[in-house]
Amino acid sequence: MLDRLDQQPPDALLALIKLYAADTRDDKIDLGVGVYRTGQGDTPVFEAIKAAERKLVEEQDSKAYLGPEGDMGFVNALMPHVFGDNPTRGGRIEGMQTPGGTGAVRLALAMAAKAGVARVHMGTPSWPNHAQIIADLGLQMVAFPHATADGTADVDALLKAIADAGELDAVLLHGCCHNPTGIDYSNDQWDAIAAALANSPVLPIIDLAYQGLGNGMEEDAYGMRRVLDAVPEALVAYSCDKNFGLYRDRVGAFYVMARNPQELAVAMSNGASLARANWSMPPDHGAAAVRLVLRDAALTAKWQDELDTMRARMRQVRATLADAGMAGAVDLAPLGGQNGMFSVLPLTKEQILALREDHGIYMAGSGRINAAGLHMGNIEKFVAALAAVTG
Ligand code: LMR
């Protein structure tokens, strides 16, 4: 049997973690996988989460199963932060916990497929795992360009995709901090997107994996909330892996907005059975910690403060890069206006390899950099290396 399988390449992004760890150079720079780093290059556990974990150790009286929907206290506590005022839109939104944002994307696309969706429109480039999950579910991906040549979001391409889409189509959108480009739709563009979706049968699936890392928790939710206000049905994949720093604990949530509470209940029963068939139940620990943070005003304030610090540091890195202007042939100025962890630099495969081999600088093969890997102690080296390999 097994000799019928073809060898699969390792996930290129995750393979970088090992390559970087094996590099013995002291001044190596990791701009690969999307984890936050402090100005000292660390990825610490949030203090708010540490405090919640201590509480959890004290208070948790059982580790018995919760069910396929996971910790509903977590799912519900998150909702006002994600959806704002009227978080259930009149009993039309419910959620369930998932293993990370990936689990939520998987459930969203699997539910769409089960409901009859055949094609998923998606701006490219996108997070590589989006296309992989779409293909794994036997769905057809229809690509449109996410950004124009001048580095702004290509909203016309999205509006055309929506206008051309039919009954069995979905569109997968990044809510904020576009991965990999960092190029987000403006609020005006989101208004136009929401209006287009209101007049279209296409099902919006919104991946919100970086809320709070762009311009703030409220600001980063603008587009998703406008879409939800405009359409009858939508699916939202959410991740707490970045904004609570819980990466390896895999903390995500999948939310469904339906036309009415009856259809919502049916949809959620499908969510539960899909979860059961995929992973049975999500891991508990990280979600329980988030619940404890969000149910405690002091811990919530502490978390928000820590998130603000993260965002401010990434903004500072972006501003410093933008000020550097040209690094050889690469114009860094646009990075100042982009959001979140990621930006894509126009580099060839050879230049990316030279950065790794000659300078110890690790980035995705697409030219995507994680700005959080830079700090005042290594930016100069990075800009000089860019100039050296492209100049
Ligand atoms: C990334 O894009 O670096 C993150 O979302 C991590 C991942 O799972 O790929």
# chains A, B, ... in the order shown; residues from 1 in each chain; ligands from 1
call {"tool": "closest_atom_pairs", "arguments": {"of": "chain A", "to": "ligand 1", "cutoff": "8 Å", "atoms": "only C-alpha atoms and all ligand atoms", "output": "JSON lines"}}
result
{"residue": "A:Leu13", "atom": "CA", "partner": "ligand 1", "partner_atom_place_in_ligand_line": "9 (O)", "distance": 6.5}
{"residue": "A:Leu14", "atom": "CA", "partner": "ligand 1", "partner_atom_place_in_ligand_line": "9 (O)", "distance": 7.1}
{"residue": "A:Gly32", "atom": "CA", "partner": "ligand 1", "partner_atom_place_in_ligand_line": "3 (O)", "distance": 6.7}
{"residue": "A:Val33", "atom": "CA", "partner": "ligand 1", "partner_atom_place_in_ligand_line": "3 (O)", "distance": 3.7}
{"residue": "A:Gly34", "atom": "CA", "partner": "ligand 1", "partner_atom_place_in_ligand_line": "3 (O)", "distance": 3.4}
{"residue": "A:Val35", "atom": "CA", "partner": "ligand 1", "partner_atom_place_in_ligand_line": "3 (O)", "distance": 6.9}
{"residue": "A:Thr102", "atom": "CA", "partner": "ligand 1", "partner_atom_place_in_ligand_line": "8 (O)", "distance": 7.2}
{"residue": "A:Trp127", "atom": "CA", "partner": "ligand 1", "partner_atom_place_in_ligand_line": "2 (O)", "distance": 6.0}
{"residue": "A:Pro128", "atom": "CA", "partner": "ligand 1", "partner_atom_place_in_ligand_line": "9 (O)", "distance": 7.7}
{"residue": "A:Asn129", "atom": "CA", "partner": "ligand 1", "partner_atom_place_in_ligand_line": "9 (O)", "distance": 7.0}
{"residue": "A:Asn179", "atom": "CA", "partner": "ligand 1", "partner_atom_place_in_ligand_line": "2 (O)", "distance": 6.5}
{"residue": "A:Pro180", "atom": "CA", "partner": "ligand 1", "partner_atom_place_in_ligand_line": "2 (O)", "distance": 7.2}
{"residue": "A:Ala209", "atom": "CA", "partner": "ligand 1", "partner_atom_place_in_ligand_line": "5 (O)", "distance": 7.8}
{"residue": "A:Asn370", "atom": "CA", "partner": "ligand 1", "partner_atom_place_in_ligand_line": "3 (O)", "distance": 7.9}
call {"tool": "select_by_dssp", "arguments": {"residues": "region 67-285 of chain A", "states": "strand (DSSP E)", "output": "VMD selection string"}}
result
chain A and resid 93 to 99 119 to 124 140 to 145 169 to 174 203 to 208 234 to 239 251 to 257
call {"tool": "residues_around", "arguments": {"residues": "Asp308 (chain A)", "least_positions_apart": "6", "cutoff": "9 Å", "atoms": "only C-alpha atoms", "output": "list in words"}}
result
Gly212, Leu213 and Gly216 of chain A
call {"tool": "residues_around", "arguments": {"residues": "Gly70 (chain A)", "least_positions_apart": "3", "cutoff": "10 Å", "atoms": "only C-alpha atoms", "output": "ChimeraX atom specification"}}
result
/A:65-67,73-75,95-99,253,272,275,280-284,287-288
call {"tool": "write_last_selection", "arguments": {"atoms": "C-alpha atoms", "output": "PDB file, in the first residue's frame"}}
result
ATOM      1  CA  TYR A  65     -13.797  15.913  28.038  1.00  0.00           C
ATOM      2  CA  LEU A  66     -15.662  19.090  27.102  1.00  0.00           C
ATOM      3  CA  GLY A  67     -17.047  18.087  23.708  1.00  0.00           C
ATOM      4  CA  GLY A  73     -16.746  30.146  27.982  1.00  0.00           C
ATOM      5  CA  PHE A  74     -13.682  31.036  25.900  1.00  0.00           C
ATOM      6  CA  VAL A  75     -15.659  31.188  22.643  1.00  0.00           C
ATOM      7  CA  GLY A  95     -18.945  29.766  17.597  1.00  0.00           C
ATOM      8  CA  MET A  96     -16.867  26.832  18.691  1.00  0.00           C
ATOM      9  CA  GLN A  97     -13.276  26.393  19.735  1.00  0.00           C
ATOM     10  CA  THR A  98     -10.784  25.006  17.223  1.00  0.00           C
ATOM     11  CA  PRO A  99      -7.158  23.877  17.282  1.00  0.00           C
ATOM     12  CA  ALA A 253     -12.364  29.740  17.144  1.00  0.00           C
ATOM     13  CA  ALA A 272     -19.676  19.833  15.738  1.00  0.00           C
ATOM     14  CA  ALA A 275     -14.876  18.745  14.344  1.00  0.00           C
ATOM     15  CA  SER A 280     -12.819  15.129  18.013  1.00  0.00           C
ATOM     16  CA  MET A 281     -12.132  17.932  20.494  1.00  0.00           C
ATOM     17  CA  PRO A 282      -9.732  20.871  20.581  1.00  0.00           C
ATOM     18  CA  PRO A 283      -6.909  21.081  23.154  1.00  0.00           C
ATOM     19  CA  ASP A 284      -8.072  22.875  26.275  1.00  0.00           C
ATOM     20  CA  ALA A 287      -8.332  28.518  25.467  1.00  0.00           C
ATOM     21  CA  ALA A 288      -9.011  28.112  29.189  1.00  0.00           C
TER      22      ALA A 288
END
call {"tool": "select_by_dssp", "arguments": {"residues": "region 163-234 of chain A", "states": "alpha helix (DSSP H)", "output": "VMD selection string"}}
result
chain A and resid 163 to 164 187 to 198 217 to 220 222 to 230
call {"tool": "atom_distance", "arguments": {"atom1": "CA of Val105 (chain A)", "atom2": "CA of Ser126 (chain A)"}}
result
13.1 Å
call {"tool": "atom_distance", "arguments": {"atom1": "CA of Gly340 (chain A)", "atom2": "CA of Gly182 (chain A)"}}
result
6.0 Å
call {"tool": "decode", "arguments": {"residues": "region 156-189 of chain A", "atoms": "N, CA and C atoms", "output": "CSV table (one decimal), in the first residue's frame"}}
result
chain,number,residue,atom,x,y,z
A,156,ASP,N,-10.3,46.3,-6.9
A,156,ASP,CA,-11.1,46.1,-8.2
A,156,ASP,C,-11.1,44.6,-8.5
A,157,ALA,N,-10.0,44.0,-8.3
A,157,ALA,CA,-9.9,42.5,-8.7
A,157,ALA,C,-10.9,41.7,-7.8
A,158,LEU,N,-10.9,42.1,-6.5
A,158,LEU,CA,-11.8,41.4,-5.6
A,158,LEU,C,-13.3,41.7,-6.0
A,159,LEU,N,-13.6,43.0,-6.3
A,159,LEU,CA,-15.0,43.3,-6.6
A,159,LEU,C,-15.4,42.6,-7.9
A,160,LYS,N,-14.5,42.5,-8.8
A,160,LYS,CA,-14.8,41.7,-10.1
A,160,LYS,C,-15.1,40.3,-9.7
A,161,ALA,N,-14.2,39.7,-8.9
A,161,ALA,CA,-14.4,38.3,-8.5
A,161,ALA,C,-15.8,38.1,-7.9
A,162,ILE,N,-16.2,39.0,-7.0
A,162,ILE,CA,-17.5,38.9,-6.4
A,162,ILE,C,-18.6,39.1,-7.4
A,163,ALA,N,-18.4,40.0,-8.3
A,163,ALA,CA,-19.5,40.2,-9.3
A,163,ALA,C,-19.6,39.0,-10.2
A,164,ASP,N,-18.5,38.3,-10.5
A,164,ASP,CA,-18.5,37.2,-11.4
A,164,ASP,C,-18.9,35.9,-10.7
A,165,ALA,N,-18.9,35.9,-9.4
A,165,ALA,CA,-19.1,34.7,-8.7
A,165,ALA,C,-20.6,34.2,-8.7
A,166,GLY,N,-20.8,32.9,-8.5
A,166,GLY,CA,-22.2,32.4,-8.6
A,166,GLY,C,-22.7,31.8,-7.2
A,167,GLU,N,-23.8,31.1,-7.3
A,167,GLU,CA,-24.4,30.5,-6.1
A,167,GLU,C,-23.5,29.6,-5.3
A,168,LEU,N,-22.7,28.9,-6.0
A,168,LEU,CA,-21.9,27.8,-5.2
A,168,LEU,C,-20.5,28.3,-5.0
A,169,ASP,N,-20.3,29.6,-4.9
A,169,ASP,CA,-19.0,30.2,-4.7
A,169,ASP,C,-18.8,30.8,-3.3
A,170,ALA,N,-17.6,30.8,-2.8
A,170,ALA,CA,-17.2,31.5,-1.6
A,170,ALA,C,-16.0,32.4,-1.9
A,171,VAL,N,-15.8,33.3,-1.0
A,171,VAL,CA,-14.6,34.2,-1.2
A,171,VAL,C,-13.9,34.2,0.2
A,172,LEU,N,-12.6,33.9,0.1
A,172,LEU,CA,-11.8,33.8,1.4
A,172,LEU,C,-11.0,35.1,1.5
A,173,LEU,N,-11.3,35.9,2.6
A,173,LEU,CA,-10.7,37.2,2.8
A,173,LEU,C,-9.9,37.2,4.1
A,174,HIS,N,-8.8,38.0,4.1
A,174,HIS,CA,-8.0,38.2,5.3
A,174,HIS,C,-8.6,39.4,6.0
A,175,GLY,N,-9.0,39.3,7.2
A,175,GLY,CA,-9.6,40.4,7.9
A,175,GLY,C,-8.7,41.5,8.1
A,176,CYS,N,-7.5,41.3,8.4
A,176,CYS,CA,-6.5,42.3,8.7
A,176,CYS,C,-5.1,41.7,8.6
A,177,CYS,N,-4.1,42.6,8.5
A,177,CYS,CA,-2.7,42.1,8.5
A,177,CYS,C,-2.4,41.0,7.5
A,178,HIS,N,-2.7,41.3,6.2
A,178,HIS,CA,-2.7,40.3,5.2
A,178,HIS,C,-1.4,39.5,5.2
A,179,ASN,N,-1.5,38.2,5.2
A,179,ASN,CA,-0.4,37.3,5.2
A,179,ASN,C,-0.3,36.7,3.8
A,180,PRO,N,0.7,37.0,3.0
A,180,PRO,CA,2.1,37.5,3.4
A,180,PRO,C,2.3,39.0,3.1
A,181,THR,N,1.5,39.8,2.5
A,181,THR,CA,1.9,41.1,1.9
A,181,THR,C,1.9,42.2,2.9
A,182,GLY,N,1.1,42.1,4.0
A,182,GLY,CA,0.9,43.2,4.9
A,182,GLY,C,0.0,44.3,4.3
A,183,ILE,N,-0.5,44.1,3.1
A,183,ILE,CA,-1.3,45.1,2.4
A,183,ILE,C,-2.8,44.9,2.7
A,184,ASP,N,-3.4,45.7,3.4
A,184,ASP,CA,-4.8,45.6,3.8
A,184,ASP,C,-5.7,46.5,3.0
A,185,TYR,N,-7.0,46.1,2.9
A,185,TYR,CA,-8.0,47.0,2.3
A,185,TYR,C,-8.2,48.2,3.2
A,186,SER,N,-8.4,49.4,2.7
A,186,SER,CA,-8.7,50.5,3.5
A,186,SER,C,-10.2,50.4,4.0
A,187,ASN,N,-10.6,51.2,5.0
A,187,ASN,CA,-12.0,51.2,5.4
A,187,ASN,C,-13.0,51.5,4.3
A,188,ASP,N,-12.6,52.4,3.5
A,188,ASP,CA,-13.5,52.7,2.3
A,188,ASP,C,-13.6,51.5,1.4
A,189,GLN,N,-12.5,50.9,1.2
A,189,GLN,CA,-12.6,49.7,0.3
A,189,GLN,C,-13.4,48.6,1.0
